[in-house]
Amino acid sequence: MFELNSKMNDERIEEIGDNHVATSAKNPLRANAFSISDEEKIDKIQESVKDILYTLGMDLEDDSIQGTPKRVAKAFVNELFMGLNPKNKPSASTFDNNYNYGEMLVEKNIVVYSTCEHHLLPIVGRAHVAYISNGKVIGLSKMNRIVEYFAKRPQVQERLTMQVVQAMQEALGTEDVACVIDAKHLCVNSRGIKDIESSTVTSEFGGKFKEKETKKEFLQYLQMDTHF
């Protein structure tokens, strides 16, 4: 019976991964995820990467690959997955809307570099974020940094889209926020089905953006040619 349950669980795990299904609206973190320092994490990950490369048959004494475990560990902690650590969360400073701008503001084509949490392969695309001020405005670069912060985690795109909207809503004190992300997943493009043309589009609409005309206006802005 144990072997049967174990086999069924393995099949379920594979099914979730191959279908890119999220099991939680939050990133699944342990309660003690930050009980050790980043430096300690780099040391531990470095040893794990050594084991992986050795198991694959790589010669770790070769000059080309000798430094790879340390480089990978530093990239994981300091770059690719830096968004897991709350200390890296960008300050979302807001300002009074003194010029009384009352229309939607749209920040288009924010570059997204993330990592699929099922296969640890890249997700690359663009995010389009919009909000309607209810008295507060946020710096344009802060919108990019919010996207980057939540992207730099093992992710699923649906969750990332929701997290960007929730963070903007919290910063601005309004529900009137929207986000659309269009991205390629290398776990689809380079393995499995190996469909190099497909991309994934996700969206999250809050407040007024749920209304038909407001949503339509936002999506029309995304069609504008803004290449200079």
# chains A, B, ... in the order shown; residues from 1 in each chain; ligands from 1

$ closest_atom_pairs --of "range 11-112 of chain A" --to "range 159-167 of chain A" --cutoff "9 Å" --atoms "only C-alpha atoms" --output "CSV"
residue,atom,partner,partner_atom,distance
A:Ala22,CA,A:Arg159,CA,7.6
A:Ser24,CA,A:Arg159,CA,8.1
A:Ala25,CA,A:Arg159,CA,5.7
A:Lys26,CA,A:Arg159,CA,7.1
A:Asn27,CA,A:Arg159,CA,8.1
A:Ala92,CA,A:Ala167,CA,8.8

$ residues_around --residues "Lys70 in chain A" --least-positions-apart "4" --cutoff "12 Å" --atoms "only C-alpha atoms" --output "list in words"
Glu39, Lys41, Ile42, Asp43, Lys44, Ile45, Gln46, Glu47, Ser48, Val49, Lys50, Leu60, Ile65, Gln66, Lys74, Ala75, Phe76, Val77 and Asn78 of chain A

$ write_last_selection --atoms "N, CA and C atoms" --output "mmCIF file, in the first residue's frame"
data_model
loop_
_atom_site.group_PDB
_atom_site.id
_atom_site.type_symbol
_atom_site.label_atom_id
_atom_site.label_comp_id
_atom_site.auth_asym_id
_atom_site.auth_seq_id
_atom_site.Cartn_x
_atom_site.Cartn_y
_atom_site.Cartn_z
ATOM 1 N N GLU A 39 25.283 34.413 3.290
ATOM 2 C CA GLU A 39 26.610 33.821 3.115
ATOM 3 C C GLU A 39 26.587 32.325 3.416
ATOM 4 N N LYS A 41 23.943 30.419 3.169
ATOM 5 C CA LYS A 41 23.186 29.787 2.091
ATOM 6 C C LYS A 41 24.072 29.554 0.873
ATOM 7 N N ILE A 42 24.902 30.530 0.545
ATOM 8 C CA ILE A 42 25.804 30.389 -0.602
ATOM 9 C C ILE A 42 26.743 29.214 -0.389
ATOM 10 N N ASP A 43 27.282 29.075 0.821
ATOM 11 C CA ASP A 43 28.183 27.953 1.110
ATOM 12 C C ASP A 43 27.477 26.611 0.952
ATOM 13 N N LYS A 44 26.256 26.502 1.454
ATOM 14 C CA LYS A 44 25.514 25.251 1.373
ATOM 15 C C LYS A 44 25.133 24.917 -0.067
ATOM 16 N N ILE A 45 24.661 25.914 -0.799
ATOM 17 C CA ILE A 45 24.255 25.692 -2.191
ATOM 18 C C ILE A 45 25.467 25.322 -3.039
ATOM 19 N N GLN A 46 26.595 25.946 -2.762
ATOM 20 C CA GLN A 46 27.819 25.635 -3.494
ATOM 21 C C GLN A 46 28.151 24.155 -3.387
ATOM 22 N N GLU A 47 28.061 23.599 -2.198
ATOM 23 C CA GLU A 47 28.358 22.177 -2.019
ATOM 24 C C GLU A 47 27.336 21.303 -2.743
ATOM 25 N N SER A 48 26.077 21.732 -2.751
ATOM 26 C CA SER A 48 25.036 20.968 -3.442
ATOM 27 C C SER A 48 25.260 20.966 -4.952
ATOM 28 N N VAL A 49 25.667 22.119 -5.495
ATOM 29 C CA VAL A 49 25.938 22.202 -6.928
ATOM 30 C C VAL A 49 27.144 21.339 -7.294
ATOM 31 N N LYS A 50 28.143 21.308 -6.426
ATOM 32 C CA LYS A 50 29.285 20.417 -6.646
ATOM 33 C C LYS A 50 28.817 18.975 -6.775
ATOM 34 N N LEU A 60 35.471 18.465 -11.846
ATOM 35 C CA LEU A 60 35.449 19.705 -11.076
ATOM 36 C C LEU A 60 36.834 20.321 -10.902
ATOM 37 N N ILE A 65 35.276 24.864 -15.123
ATOM 38 C CA ILE A 65 34.109 24.541 -14.288
ATOM 39 C C ILE A 65 34.401 24.610 -12.802
ATOM 40 N N GLN A 66 35.658 24.813 -12.450
ATOM 41 C CA GLN A 66 36.056 24.806 -11.048
ATOM 42 C C GLN A 66 35.286 25.832 -10.226
ATOM 43 N N LYS A 74 26.030 31.982 -5.743
ATOM 44 C CA LYS A 74 25.904 33.431 -5.592
ATOM 45 C C LYS A 74 24.772 33.977 -6.467
ATOM 46 N N ALA A 75 24.640 33.438 -7.669
ATOM 47 C CA ALA A 75 23.559 33.889 -8.555
ATOM 48 C C ALA A 75 22.194 33.541 -7.964
ATOM 49 N N PHE A 76 22.054 32.352 -7.402
ATOM 50 C CA PHE A 76 20.785 31.945 -6.789
ATOM 51 C C PHE A 76 20.391 32.894 -5.667
ATOM 52 N N VAL A 77 21.317 33.141 -4.746
ATOM 53 C CA VAL A 77 20.998 33.906 -3.535
ATOM 54 C C VAL A 77 20.900 35.405 -3.819
ATOM 55 N N ASN A 78 21.851 35.939 -4.595
ATOM 56 C CA ASN A 78 21.957 37.385 -4.766
ATOM 57 C C ASN A 78 21.196 37.941 -5.961
#

$ residues_around --residues "Met168 in chain A" --least-positions-apart "3" --cutoff "10 Å" --atoms "only C-alpha atoms" --output "list of chain:residue names"
A:Ala92, A:Val129, A:Ala130, A:Tyr131, A:Ile138, A:Lys142, A:Met143, A:Ile146, A:Val147, A:Gln163, A:Val164, A:Val165, A:Ala171, A:Leu172, A:Gly173, A:Thr174, A:Glu175, A:Asp176, A:Val177, A:Ala178, A:Cys179

$ closest_residue --among "A:Ile110, A:Ile196, A:Ala183, A:Met104" --to "Phe218 in chain A" --atoms "only C-alpha atoms"
A:Met104

$ closest_residue --among "A:Ala31, A:Met82, A:Leu53, A:Val137" --to "Thr68 in chain A" --atoms "only C-alpha atoms"
A:Leu53

$ atom_distance --atom1 "CA of Phe81 in chain A" --atom2 "CA of Pro154 in chain A"
6.8 Å
